[in-house]
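The structure under discussion appears below in the form of structure tokens.
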Amino acid sequence: MKGFVIAAPHSGAGKTMITLGLLRAFRNCGVAVTSAKSGPDYIDPQFHQAASGTPCVNLDAWAMPPDRLQGLAAAQDGDLLVVEGAMGLFDGAPSDDPMGRGSVADVAEALNLPVVLVLDAARQSQTAAAVVHGLASLRPSVKIAGVILNQIGSPRHGAMISRAIKALNIPVLGVVPRTEAMKVPSRHLGLVQAEEHTDLEAFIGAAAGLMLANVNLDRLLDLSTTIDRATRVAGLPPLGARISAARDTAFAFSYPHLLDDWRLAGAEVSFFSPLNDEGPAVDADAIFLPGGYPELYAGRLAQNSGFVTVMTAAKDRGALIYGECGGYMALGESLTDSDGAEHRMLGFLPVRTSFAARKLHLGYRGLTPICDLPWAGPLNGHEFHYASVIEESSEGRLFGAQDSLGENLGGVGHVRGNVCGSFAHVIGVADGPV
């Protein structure tokens, strides 16, 4: 399998639209294409899968060591792997390194893949060449193999920029015209989920048409480099032998690599929908409530007595129950929605949360389980939520937490008997200190 990385100087340059269009365009041309997303992201991979028809894996250079990145990349099926970056090419988490840690440049370097830059050139012309020159020269080990110009106002506009960039001996692989039709709706945690997009197939089809008409797919294939063979490194141990995981639009944020790790370790993984008033499998010895948007469905969840009854039975029979972010909120006493209405949740953990007064909590986390639940040993994860704790007990903290600079954040989350959870999303086993 060969591959390349899609990156940009900054967020909002059009990486996701370009990536989705390329995935579907390659697929339409008979290329067995698959994808990856750099960093902690749940939304973009859903769109990737819709465009390519294959699951999208997360490759996180902050939370995963190089051998883990290499093993996950090599394990993907297909002829071509397209890796979409996050933020700007060199944007990483704060660290002792002045360049940060965990950028898409780090992913590209770990996998030895070329980078294709997407430039939003709507408000510049030849100055775009200076941006390309700076990005190409900052870290020579990261190879800028080509440029796709986006948001181009006219053929003359595109020709001016292309000529300036070609003088750097870096090819311009595409010139994509400005269009309002390619904007994706968003909400507080990012894009609207793929399954909520009102006309997703038409959107992806239009993006593919734009790529076929304006980007040289053959040259993209030619510049792609072979992904080295690598053995997939063992990941996070499974929560149990029979894991039942919540999956619907309220609980959609589970990493595919974690679920695959559990299956590869021999665990059975099944799914249920709390929104449809379903409970976990009655023979499950572990239950996973991932993150998502429970704050948008708090009233509906509070009324789903079937879900509550089966979850309570699972708790009473001793099944391990673990919740992350939105799942943690659902395990708490109550959840207050954006209108200020308080809704009763499962009541398994001593915490009340609220989405009424939004406050951003964002960043990577080094996590140390305090009681060896749900895992033993140091972990890497992240937080990204606007909900806040309005009342909680100090009993039974789940993790000791640090930020990406190693600063102590104290105890986070809760554990009560066989139930545990926190706002942190766990990505994997920590390879070393934060």
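Within each chain, counting starts at residue 1; across the structure tokens, chains are named A, B, ... in the order shown, with ligands numbered 1 upward in that order.
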
Contacts of range 157-174 of chain A at 10 Å or less, counting only C-alpha atoms, minus same-chain residues fewer than 4 places along, as a PyMOL selection string? chain A and resi 116-118+121-122+124-133+136+144-153+211-220

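In this structure, CA of Tyr328 in chain A sits 10.0 Å away from CA of Phe288 in chain A.
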
Which parts of range 61-111 of chain A does DSSP call alpha helix (DSSP H) when run on the backbone here, written out as a PyMOL selection string? chain A and resi 66-74+104-111

Could you save the residues just selected, with N, CA and C atoms, as a PDB file, in the first residue's frame?
ATOM      1  N   PRO A  66       5.948   5.845  17.622  1.00  0.00           N
ATOM      2  CA  PRO A  66       6.105   5.579  16.183  1.00  0.00           C
ATOM      3  C   PRO A  66       5.762   4.155  15.767  1.00  0.00           C
ATOM      4  N   ASP A  67       6.129   3.142  16.579  1.00  0.00           N
ATOM      5  CA  ASP A  67       5.832   1.771  16.162  1.00  0.00           C
ATOM      6  C   ASP A  67       4.338   1.488  16.159  1.00  0.00           C
ATOM      7  N   ARG A  68       3.595   2.174  17.036  1.00  0.00           N
ATOM      8  CA  ARG A  68       2.138   2.030  17.042  1.00  0.00           C
ATOM      9  C   ARG A  68       1.545   2.680  15.789  1.00  0.00           C
ATOM     10  N   LEU A  69       2.026   3.870  15.433  1.00  0.00           N
ATOM     11  CA  LEU A  69       1.566   4.549  14.218  1.00  0.00           C
ATOM     12  C   LEU A  69       1.852   3.686  12.990  1.00  0.00           C
ATOM     13  N   GLN A  70       3.050   3.157  12.919  1.00  0.00           N
ATOM     14  CA  GLN A  70       3.448   2.358  11.761  1.00  0.00           C
ATOM     15  C   GLN A  70       2.620   1.087  11.657  1.00  0.00           C
ATOM     16  N   GLY A  71       2.372   0.439  12.787  1.00  0.00           N
ATOM     17  CA  GLY A  71       1.584  -0.787  12.773  1.00  0.00           C
ATOM     18  C   GLY A  71       0.146  -0.551  12.366  1.00  0.00           C
ATOM     19  N   LEU A  72      -0.460   0.535  12.861  1.00  0.00           N
ATOM     20  CA  LEU A  72      -1.849   0.838  12.504  1.00  0.00           C
ATOM     21  C   LEU A  72      -1.962   1.210  11.033  1.00  0.00           C
ATOM     22  N   ALA A  73      -1.006   1.989  10.528  1.00  0.00           N
ATOM     23  CA  ALA A  73      -1.041   2.371   9.112  1.00  0.00           C
ATOM     24  C   ALA A  73      -0.891   1.146   8.222  1.00  0.00           C
ATOM     25  N   ALA A  74       0.061   0.285   8.555  1.00  0.00           N
ATOM     26  CA  ALA A  74       0.321  -0.894   7.732  1.00  0.00           C
ATOM     27  C   ALA A  74      -0.833  -1.891   7.777  1.00  0.00           C
ATOM     28  N   VAL A 104       0.674  16.754  12.621  1.00  0.00           N
ATOM     29  CA  VAL A 104       0.588  15.888  11.446  1.00  0.00           C
ATOM     30  C   VAL A 104       1.957  15.738  10.804  1.00  0.00           C
ATOM     31  N   ALA A 105       2.840  16.728  10.979  1.00  0.00           N
ATOM     32  CA  ALA A 105       4.213  16.579  10.495  1.00  0.00           C
ATOM     33  C   ALA A 105       4.897  15.410  11.183  1.00  0.00           C
ATOM     34  N   ASP A 106       4.618  15.228  12.472  1.00  0.00           N
ATOM     35  CA  ASP A 106       5.185  14.096  13.200  1.00  0.00           C
ATOM     36  C   ASP A 106       4.661  12.767  12.650  1.00  0.00           C
ATOM     37  N   VAL A 107       3.373  12.739  12.282  1.00  0.00           N
ATOM     38  CA  VAL A 107       2.804  11.528  11.681  1.00  0.00           C
ATOM     39  C   VAL A 107       3.480  11.247  10.342  1.00  0.00           C
ATOM     40  N   ALA A 108       3.605  12.288   9.507  1.00  0.00           N
ATOM     41  CA  ALA A 108       4.227  12.116   8.197  1.00  0.00           C
ATOM     42  C   ALA A 108       5.661  11.605   8.331  1.00  0.00           C
ATOM     43  N   GLU A 109       6.391  12.143   9.313  1.00  0.00           N
ATOM     44  CA  GLU A 109       7.772  11.728   9.510  1.00  0.00           C
ATOM     45  C   GLU A 109       7.840  10.288  10.020  1.00  0.00           C
ATOM     46  N   ALA A 110       6.960   9.922  10.948  1.00  0.00           N
ATOM     47  CA  ALA A 110       6.965   8.563  11.488  1.00  0.00           C
ATOM     48  C   ALA A 110       6.655   7.531  10.411  1.00  0.00           C
ATOM     49  N   LEU A 111       5.789   7.894   9.456  1.00  0.00           N
ATOM     50  CA  LEU A 111       5.390   6.961   8.398  1.00  0.00           C
ATOM     51  C   LEU A 111       6.199   7.150   7.124  1.00  0.00           C
TER      52      LEU A 111
END

Based on DSSP run over this structure's backbone, return all residues of range 70-267 of chain A in strand (DSSP E or B), as a ChimeraX atom specification. /A:80-84,93,101,115-120,144-152,172-177,186-187,190-191,215,225-226,242-246,253

Ser422 in chain A environment, 7 Å, only C-alpha atoms, sequence neighbours closer than 6 positions dropped, as a compact mmCIF listing (two decimals) with N, CA and C atoms, in the first residue's frame:
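Saved to selection38.txt:
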# COMPACT_ATOMS: atom_id res chain seq x y z
N GLY A 323 -17.54 4.81 31.36
CA GLY A 323 -18.04 5.88 30.51
C GLY A 323 -17.01 6.96 30.29
N GLU A 324 -16.99 7.50 29.07
CA GLU A 324 -16.08 8.59 28.71
C GLU A 324 -16.87 9.82 28.29
N CYS A 325 -16.52 10.97 28.82
CA CYS A 325 -17.10 12.26 28.43
C CYS A 325 -18.63 12.18 28.46
N TYR A 328 -19.77 9.44 30.57
CA TYR A 328 -19.58 9.79 31.98
C TYR A 328 -20.74 10.64 32.47
N VAL A 412 -9.36 13.10 38.57
CA VAL A 412 -10.49 13.35 37.67
C VAL A 412 -11.36 12.10 37.61
N GLY A 413 -12.64 12.30 37.28
CA GLY A 413 -13.57 11.20 37.14
C GLY A 413 -13.92 10.57 38.48
N HIS A 414 -14.66 9.47 38.42
CA HIS A 414 -15.10 8.78 39.61
C HIS A 414 -15.14 7.27 39.38
